[in-house]
Structures are given as C-alpha cells and as structure tokens.
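S.K.: Okay, here's the structure, questions in a sec.
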Amino acid sequence: MQDLDTKTDAARDGEAPGHPDEPGRRALLDLHAERAALEQRLARAEQERLYLADPDAVAAAQAEETTLLADLDRIMTRIRAAEYRSQPGARTW
C-alpha cells in the first residue's frame, strides 16, 4: 500500500523537516536522539527483567525500567512541545 502522506523524505526518515539552520531544529534533533538512546536502554532493561535468573538483578532492572519510562515520558512531552512550536502560527504560552 502506498504512503499517501505528503511528508518529505527527511520527515519520513525521522528527521524534522526544514532547513538545518531553522531555530529549534537542532534542539528537536537532539531530543529525538535522546529519545532513541532512552528507548534502547529501556529495551535492555526490559530484557534483563524478563530473562535474568537472579531476583536482585530482576528487581534492579524493573526499577531501572520504571525510571526510564518516566524519563521517556518527559522527553516525549518536550518533543511534542518543540514540534508544536515549530508550526507556523503556533501560540506561545
């Protein structure tokens, strides 16, 4: 099935659309990089929680997973805010 969105190739590849010198673009790309790193750490913590045999290690992995989920939520909120601010006519609060 074809993708009927009018997104650019850069947007489809996970990059924010627009010129690299746009204000806030670098910050948005940095936030996405931070999100990707957090998602990798979260996947590892989940695998450790599921497959480690040592109950203490499982508890530590579960605690780390909980912390990483909260961090991911904060990053996603910041990404949504930055994406909103990048839209033409966006309100400043």
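Just remember, in the structure tokens the first chain shown is A, the second B, etc., residues are 1-based per chain, and ligands are 1-based in the order shown.
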Quick one: residues within 9 Å of Arg49 in chain A, only C-alpha atoms, excluding same-chain residues fewer than 3 positions away - as a PyMOL selection string?

M.R.: chain A and resi 44-46+52-53+57-62+65

S.K.: Go ahead and write the selection's residues with N, CA and C atoms as a PDB file, in the first residue's frame.

M.R.:
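The result, stored in out.pdb:
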```pdb
ATOM      1  N   ARG A  44      16.733  -2.803  26.806  1.00  0.00           N
ATOM      2  CA  ARG A  44      17.685  -3.655  27.536  1.00  0.00           C
ATOM      3  C   ARG A  44      17.179  -3.966  28.949  1.00  0.00           C
ATOM      4  N   ALA A  45      16.653  -2.947  29.648  1.00  0.00           N
ATOM      5  CA  ALA A  45      16.135  -3.166  30.997  1.00  0.00           C
ATOM      6  C   ALA A  45      14.968  -4.157  30.967  1.00  0.00           C
ATOM      7  N   GLU A  46      14.140  -4.052  29.944  1.00  0.00           N
ATOM      8  CA  GLU A  46      13.014  -4.982  29.831  1.00  0.00           C
ATOM      9  C   GLU A  46      13.518  -6.410  29.617  1.00  0.00           C
ATOM     10  N   LEU A  52      16.687 -12.453  33.263  1.00  0.00           N
ATOM     11  CA  LEU A  52      17.714 -12.719  34.272  1.00  0.00           C
ATOM     12  C   LEU A  52      17.165 -13.683  35.325  1.00  0.00           C
ATOM     13  N   ALA A  53      18.068 -14.510  35.862  1.00  0.00           N
ATOM     14  CA  ALA A  53      17.654 -15.504  36.851  1.00  0.00           C
ATOM     15  C   ALA A  53      17.770 -14.980  38.283  1.00  0.00           C
ATOM     16  N   ALA A  57      18.829  -8.897  40.584  1.00  0.00           N
ATOM     17  CA  ALA A  57      19.075  -8.255  39.291  1.00  0.00           C
ATOM     18  C   ALA A  57      17.755  -7.935  38.589  1.00  0.00           C
ATOM     19  N   VAL A  58      16.781  -8.823  38.733  1.00  0.00           N
ATOM     20  CA  VAL A  58      15.460  -8.588  38.134  1.00  0.00           C
ATOM     21  C   VAL A  58      14.807  -7.364  38.779  1.00  0.00           C
ATOM     22  N   ALA A  59      14.909  -7.256  40.092  1.00  0.00           N
ATOM     23  CA  ALA A  59      14.345  -6.102  40.797  1.00  0.00           C
ATOM     24  C   ALA A  59      15.034  -4.807  40.374  1.00  0.00           C
ATOM     25  N   ALA A  60      16.359  -4.853  40.205  1.00  0.00           N
ATOM     26  CA  ALA A  60      17.101  -3.667  39.767  1.00  0.00           C
ATOM     27  C   ALA A  60      16.701  -3.277  38.348  1.00  0.00           C
ATOM     28  N   ALA A  61      16.529  -4.269  37.486  1.00  0.00           N
ATOM     29  CA  ALA A  61      16.115  -3.996  36.106  1.00  0.00           C
ATOM     30  C   ALA A  61      14.706  -3.411  36.072  1.00  0.00           C
ATOM     31  N   GLN A  62      13.827  -3.915  36.931  1.00  0.00           N
ATOM     32  CA  GLN A  62      12.464  -3.393  36.983  1.00  0.00           C
ATOM     33  C   GLN A  62      12.453  -1.946  37.482  1.00  0.00           C
ATOM     34  N   GLU A  65      13.722   0.163  34.667  1.00  0.00           N
ATOM     35  CA  GLU A  65      12.684   0.272  33.641  1.00  0.00           C
ATOM     36  C   GLU A  65      11.643   1.334  34.031  1.00  0.00           C
TER      37      GLU A  65
END
```

S.K.: Can you tell me which residues surround Met76 in chain A at a distance of at most 12 Å, considering only C-alpha atoms, apart from same-chain residues fewer than 2 positions away, and format the answer as an MDAnalysis selection string?

M.R.: chainID A and resid 28 31:36 38:39 69:74 78:83

S.K.: With N, CA and C atoms kept, could you save the residues just selected as a short mmCIF file (atom, residue, chain, number, x, y, z; two decimals), in the first residue's frame?

M.R.:
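Wrote it out as result34.cif, contents follow:
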```cif
data_model
loop_
_atom_site.label_atom_id
_atom_site.label_comp_id
_atom_site.auth_asym_id
_atom_site.auth_seq_id
_atom_site.Cartn_x
_atom_site.Cartn_y
_atom_site.Cartn_z
N LEU A 28 15.44 19.97 18.48
CA LEU A 28 14.49 18.90 18.23
C LEU A 28 15.22 17.60 17.84
N LEU A 31 16.68 16.11 20.93
CA LEU A 31 15.65 15.44 21.73
C LEU A 31 15.32 14.07 21.15
N HIS A 32 15.24 13.98 19.82
CA HIS A 32 14.97 12.68 19.19
C HIS A 32 16.12 11.71 19.41
N ALA A 33 17.34 12.20 19.40
CA ALA A 33 18.50 11.34 19.67
C ALA A 33 18.45 10.84 21.11
N GLU A 34 18.08 11.73 22.03
CA GLU A 34 17.95 11.33 23.43
C GLU A 34 16.84 10.30 23.60
N ARG A 35 15.73 10.49 22.86
CA ARG A 35 14.62 9.53 22.91
C ARG A 35 15.09 8.17 22.43
N ALA A 36 15.83 8.13 21.33
CA ALA A 36 16.31 6.86 20.78
C ALA A 36 17.23 6.14 21.77
N LEU A 38 17.22 6.49 25.04
CA LEU A 38 16.38 6.02 26.15
C LEU A 38 15.61 4.76 25.76
N GLU A 39 15.11 4.72 24.54
CA GLU A 39 14.37 3.53 24.09
C GLU A 39 15.27 2.30 24.06
N LEU A 69 11.01 4.74 31.91
CA LEU A 69 9.68 5.06 31.36
C LEU A 69 9.27 6.49 31.72
N ALA A 70 9.55 6.89 32.94
CA ALA A 70 9.25 8.27 33.35
C ALA A 70 10.09 9.26 32.56
N ASP A 71 11.38 8.94 32.35
CA ASP A 71 12.25 9.81 31.56
C ASP A 71 11.77 9.90 30.11
N LEU A 72 11.35 8.77 29.57
CA LEU A 72 10.84 8.74 28.19
C LEU A 72 9.58 9.60 28.06
N ASP A 73 8.72 9.53 29.06
CA ASP A 73 7.51 10.36 29.04
C ASP A 73 7.87 11.84 29.03
N ARG A 74 8.85 12.23 29.83
CA ARG A 74 9.28 13.63 29.86
C ARG A 74 9.87 14.06 28.52
N ARG A 78 8.50 16.93 25.82
CA ARG A 78 9.34 18.00 25.29
C ARG A 78 9.38 17.98 23.76
N ILE A 79 9.39 16.78 23.17
CA ILE A 79 9.38 16.67 21.71
C ILE A 79 8.07 17.21 21.14
N ARG A 80 6.95 16.83 21.76
CA ARG A 80 5.66 17.33 21.27
C ARG A 80 5.60 18.85 21.37
N ALA A 81 6.12 19.41 22.46
CA ALA A 81 6.12 20.86 22.63
C ALA A 81 7.00 21.53 21.56
N ALA A 82 8.16 20.97 21.30
CA ALA A 82 9.06 21.54 20.30
C ALA A 82 8.46 21.44 18.91
N GLU A 83 7.80 20.32 18.61
CA GLU A 83 7.16 20.17 17.31
C GLU A 83 6.01 21.16 17.15
#
```
